[in-house]
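A.B. asks: Hey, dropping my_file-v2.tsv in here, TSV, C-alpha atoms:
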```tsv
chain	number	residue	atom	x	y	z
A	903	MET	CA	66.11	156.11	76.72
A	904	ASP	CA	64.86	153.22	74.58
A	905	ALA	CA	62.05	153.78	72.06
A	906	GLU	CA	59.53	151.61	73.91
A	907	THR	CA	59.89	153.64	77.11
A	908	ALA	CA	59.79	156.89	75.13
A	909	ALA	CA	56.67	155.81	73.23
A	910	ARG	CA	54.85	154.79	76.41
A	911	ARG	CA	55.79	158.14	77.97
A	912	TRP	CA	54.52	159.92	74.85
A	913	ALA	CA	51.14	158.11	74.94
A	914	ASP	CA	50.75	158.55	78.72
A	915	THR	CA	51.57	162.26	78.55
A	916	TRP	CA	49.22	162.92	75.63
A	917	SER	CA	46.39	160.99	77.32
A	918	ARG	CA	46.65	163.22	80.42
A	919	ALA	CA	47.69	166.54	78.84
A	920	TRP	CA	45.44	166.70	75.76
A	921	PRO	CA	42.12	166.87	77.68
A	922	GLN	CA	43.62	169.56	79.90
A	923	CYS	CA	45.12	171.48	76.93
A	924	ASP	CA	48.50	171.34	78.68
A	925	THR	CA	50.69	172.42	75.79
A	926	GLU	CA	53.86	172.59	77.88
A	927	ALA	CA	53.58	168.97	79.08
A	928	ILE	CA	53.18	167.86	75.47
A	929	ALA	CA	55.90	170.16	74.10
A	930	ALA	CA	58.35	168.74	76.67
A	931	LEU	CA	58.22	165.43	74.77
A	932	TYR	CA	59.79	166.94	71.62
A	933	ALA	CA	63.40	167.64	70.65
A	934	ASP	CA	64.47	171.17	69.74
A	935	THR	CA	64.77	170.09	66.10
A	936	ALA	CA	61.55	168.04	65.88
A	937	ILE	CA	59.51	167.89	62.69
A	938	TYR	CA	55.74	167.69	63.35
A	939	ARG	CA	53.44	166.70	60.49
A	940	SER	CA	49.71	166.92	61.09
A	941	PRO	CA	47.89	166.49	58.80
A	942	ALA	CA	50.16	164.71	56.35
A	943	PHE	CA	49.54	166.99	53.35
A	944	ARG	CA	50.28	170.32	55.03
A	945	PRO	CA	53.76	171.75	55.43
A	946	PRO	CA	55.42	170.45	58.61
A	947	TYR	CA	55.86	172.43	61.78
A	948	SER	CA	59.62	172.73	62.36
A	949	GLY	CA	61.49	172.71	65.64
A	950	LEU	CA	60.16	173.09	69.14
A	951	PRO	CA	58.71	176.52	68.27
A	952	GLY	CA	56.77	174.81	65.46
A	953	VAL	CA	55.45	172.13	67.83
A	954	ARG	CA	54.32	174.84	70.24
A	955	ARG	CA	52.70	176.74	67.35
A	956	TYR	CA	50.76	173.63	66.26
A	957	LEU	CA	49.59	172.99	69.82
A	958	GLY	CA	48.74	176.67	70.35
A	959	GLU	CA	46.68	176.77	67.15
A	960	ASN	CA	44.76	173.56	67.78
A	961	LEU	CA	44.32	172.76	71.47
A	962	PRO	CA	42.56	176.01	72.47
A	963	ALA	CA	39.91	175.37	69.78
A	964	GLU	CA	39.04	171.95	71.25
A	965	GLU	CA	36.61	171.57	74.15
A	966	ASN	CA	35.26	168.57	76.10
A	967	ILE	CA	38.15	166.40	74.92
A	968	GLU	CA	38.08	162.64	75.46
A	969	CYS	CA	40.98	160.54	74.21
A	970	TRP	CA	42.34	157.02	74.24
A	971	PHE	CA	45.76	155.67	73.27
A	972	GLY	CA	46.76	152.13	72.32
A	973	GLN	CA	49.92	150.27	73.23
A	974	PRO	CA	52.87	151.46	71.14
A	975	ILE	CA	54.27	149.21	68.43
A	976	VAL	CA	58.04	149.69	68.48
A	977	SER	CA	60.78	148.87	65.98
A	978	GLY	CA	64.29	150.23	66.46
A	979	GLY	CA	64.08	153.95	67.27
A	980	ARG	CA	60.55	154.30	65.89
A	981	ALA	CA	57.07	153.66	67.24
A	982	ALA	CA	53.49	153.72	66.02
A	983	VAL	CA	50.75	154.64	68.48
A	984	GLU	CA	47.05	154.25	67.72
A	985	TRP	CA	44.77	156.91	69.21
A	986	TRP	CA	41.13	157.97	69.29
A	987	GLY	CA	39.88	161.42	70.24
A	988	SER	CA	36.52	163.15	70.46
A	989	TRP	CA	35.90	166.83	71.15
A	990	THR	CA	33.76	169.85	70.37
A	991	GLU	CA	35.17	172.49	68.03
A	992	GLN	CA	33.20	175.63	67.17
A	993	GLY	CA	29.99	173.88	68.27
A	994	GLN	CA	30.66	170.81	66.07
A	995	GLU	CA	31.19	167.37	67.62
A	996	LEU	CA	34.20	165.60	66.05
A	997	THR	CA	35.85	162.22	66.42
A	998	PHE	CA	39.28	161.40	64.99
A	999	ALA	CA	40.81	157.92	64.91
A	1000	GLY	CA	44.42	157.69	63.89
A	1001	VAL	CA	47.98	156.56	64.26
A	1002	THR	CA	51.03	158.65	65.02
A	1003	VAL	CA	54.39	157.43	63.78
A	1004	LEU	CA	57.23	158.69	65.95
A	1005	ARG	CA	61.03	158.69	65.81
A	1006	PHE	CA	63.06	159.35	68.96
A	1007	ASP	CA	66.55	160.59	69.77
A	1008	ASP	CA	68.81	158.93	72.36
A	1009	HIS	CA	67.20	160.99	75.13
A	1010	GLY	CA	63.67	159.78	74.30
A	1011	LYS	CA	62.61	163.07	72.71
A	1012	VAL	CA	60.50	163.00	69.56
A	1013	THR	CA	62.46	164.06	66.48
A	1014	ASP	CA	59.81	163.17	63.90
A	1015	HIS	CA	56.01	163.11	64.40
A	1016	ARG	CA	53.63	162.03	61.63
A	1017	ASP	CA	49.85	161.84	62.07
A	1018	TYR	CA	47.56	159.73	59.89
A	1019	ASP	CA	43.86	159.85	60.71
A	1020	ASN	CA	40.23	159.65	59.69
A	1021	HIS	CA	37.39	161.62	61.21
A	1022	VAL	CA	33.63	161.96	61.43
A	1023	GLN	CA	31.49	164.93	62.41
A	1024	ARG	CA	29.98	163.38	65.53
A	1025	ARG	CA	31.13	162.25	68.94
A	1026	GLU	CA	31.71	158.52	68.95
A	1027	ALA	CA	33.40	156.33	71.54
A	1028	PRO	CA	35.87	153.69	70.37
A	1029	TYR	CA	34.24	150.55	69.04
A	1030	THR	CA	34.16	147.31	71.02
A	1031	GLY	CA	37.58	145.71	71.05
A	1032	TRP	CA	39.43	148.88	70.15
```
Have the structure of the file written as structure tokens, please.
C.D. replies:
Amino acid sequence: MDAETAARRWADTWSRAWPQCDTEAIAALYADTAIYRSPAFRPPYSGLPGVRRYLGENLPAEENIECWFGQPIVSGGRAAVEWWGSWTEQGQELTFAGVTVLRFDDHGKVTDHRDYDNHVQRREAPYTGW
């Protein structure tokens, strides 16, 4: 599978599965040996068990999730996808705006996932023109 198709599948799956906390739909996007970095300065989650651990630690804590994903920017076997997400976590409204840089194998599975983001402690929809 080419990187553009894989990146569009990644963004489409996350946009549907994140609000529903569907960890298995998201985990199915990742290779057995994937490296998942989120946030950038913490140790990575390694392999598919690590991806599932990250999702299992984070998604259940998020409620009332709204998310948006931009069109992937693709170069070779890599893609960058802009995203915006708002949710409630432990009673606090949060909004994160970020980019995920992805690398794919020949089957379209993510082998490397790197998140870069900013956040505010309020719910905020994407700005005009986002």
A.B. asks: Name the residues, using the chain letters and numbers of the file, that sit within 10 Å of (60.8, 158.3, 66.1) when counting all atoms listed in the file, and give them as a list in words.
C.D. replies: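 In the file's frame, the residues around the point are Ala905, Ala908, Ala909, Ala936, Val976, Ser977, Gly978, Gly979, Arg980, Ala981, Ala982, Thr1002, Val1003, Leu1004, Arg1005, Phe1006, Asp1007, Gly1010, Lys1011, Val1012, Thr1013, Asp1014, His1015 and Arg1016 of chain A.
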A.B. asks: If I put a ball of radius 12 Å at (44.8, 175.2, 72.2) in the file's coordinates, which residues poke into it when counting only C-alpha atoms, written as a VMD selection string?
C.D. replies: chain A and resid 919 to 926 928 953 to 965 967 991
A.B. asks: Take atom CA of A:Trp986 and atom CA of A:Pro1028 and report the distance between them in Å, one decimal.
C.D. replies: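 Going from atom CA of A:Trp986 over to atom CA of A:Pro1028, I get 6.9 Å.
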A.B. asks: For A:His1009, which residue among A:Ala927, A:Arg918, A:Asp934, A:Trp1032 is the nearest when counting only C-alpha atoms?
C.D. replies: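 Distance minimum relative to A:His1009 lands on A:Asp934.
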A.B. asks: If you measure from atom CA of A:Thr997 to atom CA of A:Ser940, what distance in Å do you get, rounded to one decimal?
C.D. replies: 15.6 Å
A.B. asks: Name the closest residue to A:Arg1025 among the candidates A:Val1001, A:Asp1008, A:Gln994, A:Met903; distances are taken between atoms, counting all atoms listed in the file.
C.D. replies: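 Of A:Val1001, A:Asp1008, A:Gln994, A:Met903, the one nearest A:Arg1025 is A:Gln994, counting all atoms listed in the file.
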A.B. asks: Expressed in Å to a single decimal, how great is the separation between atom CA of A:Glu995 and atom CA of A:Tyr1029?
C.D. replies: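 Computing the Euclidean distance for atom CA of A:Glu995 and atom CA of A:Tyr1029 yields 17.2 Å.
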A.B. asks: List the neighbours of A:Thr935 out to 7 Å using all atoms listed in the file; skip same-chain residues closer than 6 positions along the sequence, and give me the result as an MDAnalysis selection string.
C.D. replies: chainID A and resid 948:950 1013
A.B. asks: Which of these residues is nearest to A:Ser988, using only C-alpha atoms: A:Arg911, A:Arg939, A:Arg944, A:His1021?
C.D. replies: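 Smallest separation from A:Ser988 among the options: A:His1021.
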A.B. asks: Using all atoms listed in the file, which residue out of A:Trp989, A:Pro951, A:Pro945, A:Tyr932 lies closest to A:Asn966?
C.D. replies: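 Looking at the shortest contact to A:Asn966, the residue is A:Trp989.
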